[in-house]
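Structure file query.cif; described as mmCIF, C-alpha atoms.
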data_my_file
loop_
_atom_site.label_atom_id
_atom_site.label_comp_id
_atom_site.auth_asym_id
_atom_site.auth_seq_id
_atom_site.Cartn_x
_atom_site.Cartn_y
_atom_site.Cartn_z
CA MET A 1 74.77 132.62 89.94
CA THR A 2 75.32 135.54 92.32
CA ASN A 3 78.46 137.62 92.02
CA LYS A 4 79.16 140.39 94.55
CA PRO A 5 82.67 141.75 94.02
CA ALA A 6 83.87 144.58 96.16
CA ILE A 7 83.01 147.91 94.59
CA GLU A 8 85.80 150.43 94.52
CA GLU A 9 85.39 154.12 94.02
CA GLY A 10 85.03 154.89 90.32
CA LYS A 11 83.96 151.33 89.50
CA PRO A 12 80.49 150.50 88.18
CA ALA A 13 78.01 148.96 90.57
CA LEU A 14 77.54 145.30 89.75
CA ALA A 15 74.08 143.75 89.54
CA THR A 16 73.09 141.31 92.31
CA GLU A 17 72.46 138.62 89.71
CA ARG A 18 74.74 138.60 86.70
CA LEU A 19 72.87 137.64 83.54
CA ASN A 20 74.47 135.33 81.01
CA PRO A 21 76.21 137.40 78.28
CA LYS A 22 76.18 134.30 76.04
CA ASN A 23 72.41 134.41 75.84
CA ASP A 24 72.16 135.37 72.16
CA TYR A 25 69.45 137.97 72.79
CA LEU A 26 71.53 139.66 75.50
CA PHE A 27 74.70 139.37 73.39
CA ARG A 28 72.88 141.18 70.58
CA ARG A 29 71.76 143.92 72.98
CA LEU A 30 75.25 144.30 74.43
CA PHE A 31 77.18 144.59 71.18
CA GLY A 32 74.65 145.01 68.36
CA GLU A 33 73.11 148.37 69.20
CA GLU A 34 74.44 151.87 68.70
CA ALA A 35 74.96 152.32 72.44
CA GLY A 36 77.27 149.30 72.47
CA LYS A 37 79.07 149.98 69.21
CA HIS A 38 82.37 150.87 70.87
CA LEU A 39 82.24 147.52 72.70
CA LEU A 40 81.67 145.72 69.41
CA ILE A 41 84.69 147.48 67.87
CA SER A 42 86.86 146.40 70.80
CA LEU A 43 85.63 142.80 70.52
CA LEU A 44 86.25 142.71 66.76
CA ASN A 45 89.80 144.04 67.13
CA ALA A 46 90.45 141.38 69.78
CA VAL A 47 89.14 138.52 67.63
CA LEU A 48 90.92 139.70 64.48
CA GLY A 49 94.15 140.58 66.28
CA ARG A 50 94.10 144.16 64.97
CA SER A 51 96.36 146.69 66.65
CA GLY A 52 97.98 150.02 65.87
CA SER A 53 97.17 151.40 62.43
CA GLN A 54 95.37 148.14 61.51
CA ARG A 55 92.71 148.58 64.19
CA ILE A 56 89.07 148.96 63.23
CA ALA A 57 88.17 152.52 64.17
CA ASP A 58 84.45 152.54 63.40
CA VAL A 59 81.61 150.29 62.27
CA VAL A 60 78.12 150.75 60.92
CA ILE A 61 75.69 148.21 62.35
CA ILE A 62 73.40 146.88 59.61
CA GLY A 63 69.79 146.00 60.29
CA GLU A 64 69.56 147.09 63.91
CA THR A 65 65.99 146.41 64.99
CA GLN A 66 63.98 146.31 68.18
CA LEU A 67 63.50 142.66 69.15
CA GLY A 68 60.10 141.95 70.64
CA GLY A 69 58.68 138.88 72.33
CA GLU A 70 57.33 137.51 69.04
CA TRP A 71 60.95 137.05 67.92
CA ILE A 72 62.58 136.11 71.19
CA GLY A 73 60.14 133.28 71.83
CA ASP A 74 60.96 131.73 68.46
CA LYS A 75 63.61 129.10 69.17
CA GLU A 76 64.73 129.19 65.51
CA VAL A 77 65.46 132.91 65.23
CA VAL A 78 69.12 133.79 64.61
CA LEU A 79 70.27 136.85 66.55
CA ASP A 80 73.54 137.68 64.83
CA ILE A 81 75.24 141.07 64.41
CA LEU A 82 76.04 142.32 60.91
CA CYS A 83 78.25 145.36 60.46
CA LYS A 84 80.52 147.14 58.00
CA THR A 85 83.85 148.58 59.12
CA ASP A 86 85.49 151.89 58.25
CA ARG A 87 87.72 149.91 55.87
CA GLY A 88 84.69 148.57 54.01
CA ASP A 89 84.90 145.00 55.34
CA THR A 90 81.61 143.25 56.11
CA ILE A 91 81.59 141.26 59.36
CA ASN A 92 78.95 138.95 60.80
CA VAL A 93 79.22 138.01 64.47
CA GLU A 94 77.16 135.17 65.89
CA MET A 95 76.95 133.96 69.48
CA GLN A 96 75.94 130.36 68.96
CA ILE A 97 74.47 128.55 71.97
CA ARG A 98 72.81 125.74 70.02
CA ARG A 99 74.75 123.14 68.09
CA PHE A 100 74.38 122.80 64.31
CA PRO A 101 75.55 119.54 62.67
CA VAL A 102 76.93 121.37 59.59
CA MET A 103 78.06 124.63 61.15
CA GLU A 104 80.86 125.11 58.64
CA LYS A 105 78.47 124.96 55.65
CA ARG A 106 76.01 127.23 57.41
CA SER A 107 78.62 129.90 58.16
CA LEU A 108 80.06 129.58 54.64
CA TYR A 109 76.57 130.11 53.19
CA TYR A 110 76.11 133.26 55.31
CA ALA A 111 79.52 134.53 54.18
CA ALA A 112 78.61 133.90 50.55
CA GLN A 113 75.43 135.93 50.99
CA MET A 114 77.45 138.77 52.48
CA MET A 115 79.88 138.61 49.59
CA VAL A 116 77.05 138.92 47.06
CA GLY A 117 75.88 142.07 48.84
CA ALA A 118 79.40 143.51 49.14
CA ILE A 119 79.67 144.46 45.46
CA HIS A 120 77.12 146.31 43.36
CA ARG A 121 76.21 146.22 39.70
CA GLY A 122 78.81 147.96 37.57
CA GLU A 123 81.57 147.80 40.19
CA SER A 124 84.90 146.10 39.49
CA TYR A 125 85.74 142.80 41.21
CA ALA A 126 88.83 144.63 42.44
CA ASP A 127 86.44 146.66 44.62
CA LEU A 128 85.28 143.53 46.48
CA LYS A 129 86.00 144.05 50.16
CA ARG A 130 86.73 141.39 52.73
CA VAL A 131 83.92 139.31 54.21
CA ILE A 132 84.50 137.95 57.71
CA GLY A 133 82.37 135.51 59.66
CA ILE A 134 82.93 135.24 63.42
CA ASN A 135 81.26 132.29 65.18
CA ILE A 136 81.50 132.20 68.97
CA LEU A 137 80.39 128.70 69.94
CA ASP A 138 79.32 127.71 73.45
CA HIS A 139 80.22 124.10 72.62
CA ARG A 140 82.99 122.04 71.05
CA TYR A 141 82.87 121.60 67.30
CA LEU A 142 86.16 121.35 65.41
CA PRO A 143 88.56 118.37 65.78
CA LEU A 144 91.31 120.72 66.96
CA VAL A 145 92.81 121.40 70.39
CA LYS A 146 93.04 125.19 70.09
CA TYR A 147 90.03 127.31 70.96
CA HIS A 148 90.34 129.89 68.14
CA SER A 149 90.58 128.66 64.55
CA THR A 150 90.78 130.89 61.45
CA PHE A 151 90.18 129.74 57.88
CA HIS A 152 91.17 131.26 54.53
CA LEU A 153 91.44 130.04 50.93
CA TYR A 154 94.82 128.35 50.51
CA GLU A 155 96.23 126.13 47.74
CA ASP A 156 95.94 122.43 48.63
CA GLU A 157 99.63 121.56 48.41
CA GLU A 158 101.34 124.95 48.67
CA LYS A 159 99.85 125.83 52.04
CA THR A 160 101.56 129.22 52.11
CA CYS A 161 99.85 130.33 48.88
CA LEU A 162 96.78 132.36 49.80
CA LEU A 163 94.42 132.74 46.84
CA THR A 164 92.68 135.78 48.34
CA ASP A 165 91.97 137.23 51.76
CA ALA A 166 88.45 138.23 50.66
CA LEU A 167 86.96 135.42 52.77
CA GLU A 168 87.83 134.79 56.42
CA LEU A 169 86.00 132.52 58.89
CA HIS A 170 86.62 132.40 62.64
CA TYR A 171 85.45 129.75 65.09
CA ILE A 172 85.89 130.36 68.80
CA GLU A 173 84.98 127.40 71.01
CA CYS A 174 84.36 128.62 74.56
CA PRO A 175 84.75 125.24 76.36
CA LYS A 176 88.25 124.89 74.88
CA PHE A 177 89.13 128.43 75.96
CA GLN A 178 88.14 127.60 79.53
CA GLU A 179 90.72 124.78 79.51
CA ALA A 180 93.53 126.95 78.13
CA ALA A 181 95.98 129.03 80.14
CA PHE A 182 94.56 132.51 80.71
CA HIS A 183 96.62 135.59 79.81
CA ILE A 184 95.27 138.89 81.13
CA ASP A 185 97.34 140.84 78.58
CA ASP A 186 95.50 139.19 75.67
CA PRO A 187 92.40 141.28 74.69
CA LEU A 188 90.55 138.22 73.34
CA HIS A 189 91.17 136.33 76.59
CA ARG A 190 89.70 139.25 78.50
CA TRP A 191 86.56 139.35 76.35
CA LEU A 192 86.00 135.59 76.47
CA ARG A 193 86.34 135.56 80.24
CA PHE A 194 83.89 138.47 80.46
CA LEU A 195 81.38 136.39 78.47
CA GLU A 196 81.50 133.57 81.02
CA GLN A 197 78.49 133.73 83.31
CA ASP A 198 80.37 132.04 86.15
CA VAL A 199 83.32 134.45 86.10
CA THR A 200 84.30 135.04 89.74
CA PRO A 201 83.98 138.46 91.35
CA GLU A 202 87.76 138.64 91.70
CA GLN A 203 88.33 137.74 88.04
CA LEU A 204 85.76 140.29 86.93
CA GLN A 205 87.31 142.99 89.08
CA GLU A 206 90.74 142.25 87.57
CA LEU A 207 89.33 142.45 84.04
CA MET A 208 87.75 145.83 84.74
CA GLU A 209 90.95 147.20 86.26
CA VAL A 210 93.00 146.20 83.21
CA ASP A 211 90.52 146.96 80.43
CA GLU A 212 88.29 150.04 80.32
CA MET A 213 86.09 148.42 77.63
CA ILE A 214 85.35 145.47 79.91
CA ARG A 215 84.37 147.88 82.68
CA GLU A 216 81.99 149.66 80.30
CA ALA A 217 80.62 146.34 79.05
CA GLU A 218 79.87 145.19 82.60
CA ASP A 219 78.23 148.53 83.30
CA ARG A 220 76.05 148.12 80.20
CA LEU A 221 75.23 144.55 81.20
CA ASN A 222 74.02 145.81 84.57
CA GLN A 223 71.95 148.54 82.93
CA LEU A 224 70.26 146.00 80.67
CA ALA A 225 69.66 143.67 83.61
CA SER A 226 67.94 146.45 85.55
CA ASP A 227 65.49 147.12 82.70
CA GLU A 228 62.26 145.20 83.31
CA VAL A 229 61.40 144.67 79.63
CA THR A 230 64.92 143.55 78.72
CA ARG A 231 65.00 141.12 81.62
CA ARG A 232 61.62 139.67 80.64
CA LEU A 233 62.76 139.12 77.04
CA TYR A 234 66.04 137.65 78.28
CA GLU A 235 64.11 135.14 80.38
CA MET A 236 61.81 134.38 77.44
CA ARG A 237 64.85 133.61 75.31
CA GLU A 238 66.33 131.40 78.02
CA LYS A 239 63.03 129.52 78.24
CA ALA A 240 62.77 129.11 74.45
CA LEU A 241 66.28 127.65 74.30
CA HIS A 242 65.60 125.38 77.27
CA ASP A 243 62.30 124.22 75.76
CA ARG A 244 64.03 123.38 72.51
CA ALA A 245 66.60 121.22 74.30
CA THR A 246 63.83 119.50 76.27
CA TRP A 247 61.72 118.84 73.15
CA LEU A 248 64.75 117.39 71.39
CA GLU A 249 65.41 115.03 74.28
CA ASP A 250 61.74 114.01 74.64
CA ALA A 251 61.33 113.33 70.92
CA MET A 252 64.52 111.27 70.87
CA ASN A 253 63.58 109.21 73.93
CA GLU A 254 60.01 108.58 72.76
CA GLY A 255 61.05 107.58 69.25
CA MET A 256 63.83 105.28 70.47
CA GLU A 257 61.59 103.62 73.05
CA GLN A 258 58.94 102.77 70.47
CA GLY A 259 61.46 101.62 67.89
CA ILE A 260 63.34 99.32 70.28
CA LYS A 261 60.06 97.87 71.61
CA ARG A 262 58.94 96.99 68.09
CA GLY A 263 62.34 95.47 67.34
CA ILE A 264 62.26 93.24 70.43
CA GLU A 265 58.73 92.08 69.62
CA GLN A 266 59.83 91.17 66.11
CA GLY A 267 62.84 89.26 67.48
CA ILE A 268 60.69 87.31 69.96
CA GLU A 269 58.37 86.32 67.13
CA GLN A 270 61.36 84.83 65.31
CA GLY A 271 61.95 82.75 68.44
CA ILE A 272 65.74 82.71 68.44
CA GLU A 273 68.36 84.62 70.38
CA GLN A 274 69.94 85.95 67.20
CA GLY A 275 66.52 87.16 66.08
CA ILE A 276 66.10 89.12 69.30
CA GLU A 277 69.55 90.72 68.91
CA GLN A 278 68.83 91.59 65.30
CA GLY A 279 65.44 92.89 66.33
CA ILE A 280 66.99 95.21 68.89
CA GLU A 281 69.45 96.54 66.29
CA GLN A 282 66.64 97.07 63.80
CA GLY A 283 64.58 98.62 66.58
CA ILE A 284 67.28 101.19 67.25
CA GLU A 285 67.29 102.08 63.56
CA ARG A 286 63.50 102.35 63.65
CA GLY A 287 63.79 104.45 66.79
CA VAL A 288 65.98 106.96 65.00
CA GLU A 289 63.50 107.11 62.13
CA GLN A 290 60.52 107.40 64.49
CA THR A 291 62.31 110.22 66.29
CA ALA A 292 62.81 112.06 63.01
CA ILE A 293 59.15 111.57 62.05
CA ARG A 294 57.92 112.88 65.40
CA MET A 295 60.22 115.86 65.21
CA LEU A 296 59.00 116.67 61.71
CA ALA A 297 55.43 116.56 63.02
CA ARG A 298 56.40 119.01 65.79
CA GLY A 299 57.90 121.46 63.32
CA PHE A 300 61.61 120.96 63.98
CA THR A 301 64.04 121.90 61.23
CA ALA A 302 66.18 119.40 59.35
CA ASP A 303 69.24 120.73 61.20
CA ASP A 304 67.54 120.11 64.54
CA ILE A 305 66.68 116.55 63.55
CA ALA A 306 70.16 115.83 62.22
CA GLU A 307 71.63 117.16 65.47
CA ALA A 308 69.40 114.95 67.62
CA THR A 309 69.54 111.75 65.58
CA GLY A 310 72.72 111.85 63.51
CA MET A 311 70.56 111.14 60.46
CA ASP A 312 71.65 112.32 57.04
CA LEU A 313 69.91 115.50 55.84
CA GLN A 314 68.89 113.84 52.57
CA ARG A 315 67.19 111.03 54.49
CA ILE A 316 65.35 113.58 56.62
CA GLU A 317 64.16 115.37 53.49
CA SER A 318 62.98 112.04 52.07
CA LEU A 319 60.92 111.43 55.24
CA ARG A 320 59.49 114.92 54.97
CA ARG A 321 58.36 114.30 51.39
CA SER A 322 56.87 110.90 52.25
CA ARG A 323 54.70 112.56 54.91
CA GLY A 324 53.20 114.77 52.18
#
As structure tokens:
Amino acid sequence: MTNKPAIEEGKPALATERLNPKNDYLFRRLFGEEAGKHLLISLLNAVLGRSGSQRIADVVIIGETQLGGEWIGDKEVVLDILCKTDRGDTINVEMQIRRFPVMEKRSLYYAAQMMVGAIHRGESYADLKRVIGINILDHRYLPLVKYHSTFHLYEDEEKTCLLTDALELHYIECPKFQEAAFHIDDPLHRWLRFLEQDVTPEQLQELMEVDEMIREAEDRLNQLASDEVTRRLYEMREKALHDRATWLEDAMNEGMEQGIKRGIEQGIEQGIEQGIEQGIEQGIERGVEQTAIRMLARGFTADDIAEATGMDLQRIESLRRSRG
């Protein structure tokens, strides 16, 4: 999409083609490097609702690395941002384009790993700092209307009794945000609108006039877009994600087609209408299984297969073992 807002004096020049900030590689470059650290701090304060003396003042980005083509082309690589705040909290931020069937267990597992690393041998449990997982999802996931959901450890019946605030998980569902009323005075609203690739020139100009951090983020986005290597890796990542979606669809269609065909043939052999109907039903089941088998042969993960087929992870693992 091409955005060409009017450029006022003192405003950053906008790129002819605005790249998609939700591309997880570009998101990592925007917020997960030292040059974008102040943008990350602003985003974190917006998500966590921190203001005044509670604001995060500084972060240390953990594991910042240069991402080459050998990583970007891997459709399975996870490009999250791990950091530690000036208050000692550990935060993991993930821009999630792809859909995982058990996202809540996945993010809980990541948080548990962070918690293990948050305390060292010989330290008191009282020294355990907060672990926060932030998942920005470019799809719907939770059975809730609101776009931003936060989870803590509460007692089952006494919902106001918080066991500990040491664990905090956030899920932000972008499609739900796009349906909600927009409030320019809400910092999180401003950041989520900035992340939309199809933000209009007028909307973008308004964001930059209200929020200096958004203006700097757009300026950094343009700088990254003008870098030939960055743009090439961005396009590689886009292609890898597109290829994955295409392979999922092809494997599903091929497996279902073969399974249904076999089911119909079996029903015709039985020679009765009921047999044909039963054969089709059995064929659909076979199609799901054939899809899983083909995806295993192509190297897809169990999560990928569960996402495409709806099949239970244990069943997928059983098929993997049976293939040797």
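With distances restricted to only C-alpha atoms, A:Ile97 is the closest residue to Ala240 of chain A from A:Ile97, A:Ser107, A:Glu34, A:Gly52.
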One-decimal distance in Å that lies between atom CA of Ile293 of chain A and atom CA of Lys239 of chain A: 24.5 Å
Give me the residues within 12 Å of Gln54 of chain A as an mmCIF file with C-alpha atoms, in the coordinates of the input, counting all atoms listed in the file and dropping any in the same chain fewer than 3 places off.
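Printed below is around-v4.cif as written:
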data_model
loop_
_atom_site.group_PDB
_atom_site.id
_atom_site.type_symbol
_atom_site.label_atom_id
_atom_site.label_comp_id
_atom_site.auth_asym_id
_atom_site.auth_seq_id
_atom_site.Cartn_x
_atom_site.Cartn_y
_atom_site.Cartn_z
ATOM 1 C CA LEU A 44 86.250 142.710 66.760
ATOM 2 C CA ASN A 45 89.800 144.040 67.130
ATOM 3 C CA ALA A 46 90.450 141.380 69.780
ATOM 4 C CA LEU A 48 90.920 139.700 64.480
ATOM 5 C CA GLY A 49 94.150 140.580 66.280
ATOM 6 C CA ARG A 50 94.100 144.160 64.970
ATOM 7 C CA SER A 51 96.360 146.690 66.650
ATOM 8 C CA ALA A 57 88.170 152.520 64.170
ATOM 9 C CA ASP A 58 84.450 152.540 63.400
ATOM 10 C CA THR A 85 83.850 148.580 59.120
ATOM 11 C CA ASP A 86 85.490 151.890 58.250
ATOM 12 C CA ARG A 87 87.720 149.910 55.870
#
I'd like the contact shell of segment 15-32 of chain A - 7 Å cut-off, only C-alpha atoms, skipping same-chain residues fewer than 5 positions apart - returned as a PyMOL selection string. chain A and resi 1-4+37+39-40+61+79-81+95+195+197+220-222+225+234+237
Which residues fall under the PyMOL selection byres ((chain A and resi 210) around 12) in this file, as a list in words?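 For this structure, the PyMOL selection byres ((chain A and resi 210) around 12) resolves to His183, Ile184, Asp185, Asp186, Pro187, Arg190, Trp191, Gln203, Leu204, Gln205, Glu206, Leu207, Met208, Glu209, Asp211, Glu212, Met213, Ile214, Arg215 and Glu216 of chain A.
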Out of A:Leu43, A:Ile136, A:Ala126, A:Leu169, which residue has the shortest atom-to-atom distance to Tyr110 of chain A when counting all atoms listed in the file? A:Leu169
Selected residue, from A:Ala166, A:Leu296, A:Val145, A:Ile132, that lies nearest to Ser318 of chain A when counting all atoms listed in the file: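 Of the candidates, the smallest distance to Ser318 of chain A is held by A:Leu296.
Separating atom CA of Val102 of chain A from atom CA of Lys129 of chain A is a distance of 26.2 Å.
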Go ahead and compute the interatomic distance for atom CA of Glu157 of chain A and atom CA of Glu173 of chain A, in Å to one decimal. 27.6 Å
Taking the structure I provided as the source, export segment 77-131 of chain A with C-alpha atoms, as a PDB file, in the first residue's frame.
ATOM      1  CA  VAL A  77      12.127 -19.051  13.681  1.00  0.00           C
ATOM      2  CA  VAL A  78      10.624 -16.998  16.520  1.00  0.00           C
ATOM      3  CA  LEU A  79      11.671 -13.347  16.446  1.00  0.00           C
ATOM      4  CA  ASP A  80      10.648 -12.171  19.900  1.00  0.00           C
ATOM      5  CA  ILE A  81      12.178  -9.417  22.049  1.00  0.00           C
ATOM      6  CA  LEU A  82      13.452 -10.277  25.524  1.00  0.00           C
ATOM      7  CA  CYS A  83      14.407  -7.499  27.911  1.00  0.00           C
ATOM      8  CA  LYS A  84      14.900  -6.663  31.580  1.00  0.00           C
ATOM      9  CA  THR A  85      13.585  -3.407  33.029  1.00  0.00           C
ATOM     10  CA  ASP A  86      15.205  -1.004  35.467  1.00  0.00           C
ATOM     11  CA  ARG A  87      12.921  -2.505  38.130  1.00  0.00           C
ATOM     12  CA  GLY A  88      14.299  -5.984  37.459  1.00  0.00           C
ATOM     13  CA  ASP A  89      11.217  -7.348  35.680  1.00  0.00           C
ATOM     14  CA  THR A  90      11.801  -9.672  32.724  1.00  0.00           C
ATOM     15  CA  ILE A  91       9.555  -9.030  29.723  1.00  0.00           C
ATOM     16  CA  ASN A  92       9.162 -10.981  26.495  1.00  0.00           C
ATOM     17  CA  VAL A  93       7.404  -9.282  23.582  1.00  0.00           C
ATOM     18  CA  GLU A  94       6.258 -11.291  20.587  1.00  0.00           C
ATOM     19  CA  MET A  95       4.618 -10.056  17.398  1.00  0.00           C
ATOM     20  CA  GLN A  96       2.731 -13.138  16.316  1.00  0.00           C
ATOM     21  CA  ILE A  97       1.590 -13.260  12.690  1.00  0.00           C
ATOM     22  CA  ARG A  98       1.042 -17.013  12.534  1.00  0.00           C
ATOM     23  CA  ARG A  99      -1.618 -18.803  14.526  1.00  0.00           C
ATOM     24  CA  PHE A 100      -0.721 -21.419  17.142  1.00  0.00           C
ATOM     25  CA  PRO A 101      -3.454 -23.845  18.300  1.00  0.00           C
ATOM     26  CA  VAL A 102      -2.224 -23.797  21.926  1.00  0.00           C
ATOM     27  CA  MET A 103      -0.911 -20.254  22.187  1.00  0.00           C
ATOM     28  CA  GLU A 104      -1.708 -20.003  25.888  1.00  0.00           C
ATOM     29  CA  LYS A 105       0.423 -23.064  26.753  1.00  0.00           C
ATOM     30  CA  ARG A 106       3.207 -21.851  24.507  1.00  0.00           C
ATOM     31  CA  SER A 107       3.348 -18.399  26.116  1.00  0.00           C
ATOM     32  CA  LEU A 108       3.072 -19.938  29.597  1.00  0.00           C
ATOM     33  CA  TYR A 109       6.020 -22.228  28.799  1.00  0.00           C
ATOM     34  CA  TYR A 110       8.102 -19.233  27.669  1.00  0.00           C
ATOM     35  CA  ALA A 111       7.177 -17.361  30.850  1.00  0.00           C
ATOM     36  CA  ALA A 112       8.172 -20.358  32.965  1.00  0.00           C
ATOM     37  CA  GLN A 113      11.561 -20.434  31.255  1.00  0.00           C
ATOM     38  CA  MET A 114      12.018 -16.743  31.987  1.00  0.00           C
ATOM     39  CA  MET A 115      11.078 -17.302  35.609  1.00  0.00           C
ATOM     40  CA  VAL A 116      13.704 -20.026  35.975  1.00  0.00           C
ATOM     41  CA  GLY A 117      16.327 -17.598  34.688  1.00  0.00           C
ATOM     42  CA  ALA A 118      15.096 -14.727  36.873  1.00  0.00           C
ATOM     43  CA  ILE A 119      16.527 -16.147  40.100  1.00  0.00           C
ATOM     44  CA  HIS A 120      20.017 -17.508  40.682  1.00  0.00           C
ATOM     45  CA  ARG A 121      21.415 -20.177  42.952  1.00  0.00           C
ATOM     46  CA  GLY A 122      21.584 -19.002  46.550  1.00  0.00           C
ATOM     47  CA  GLU A 123      19.080 -16.167  46.101  1.00  0.00           C
ATOM     48  CA  SER A 124      15.902 -15.954  48.181  1.00  0.00           C
ATOM     49  CA  TYR A 125      12.526 -16.600  46.536  1.00  0.00           C
ATOM     50  CA  ALA A 126      11.626 -13.150  47.846  1.00  0.00           C
ATOM     51  CA  ASP A 127      14.085 -11.809  45.264  1.00  0.00           C
ATOM     52  CA  LEU A 128      12.058 -13.278  42.384  1.00  0.00           C
ATOM     53  CA  LYS A 129      11.080 -10.427  40.091  1.00  0.00           C
ATOM     54  CA  ARG A 130       8.037 -10.223  37.886  1.00  0.00           C
ATOM     55  CA  VAL A 131       7.915 -12.095  34.580  1.00  0.00           C
TER      56      VAL A 131
END
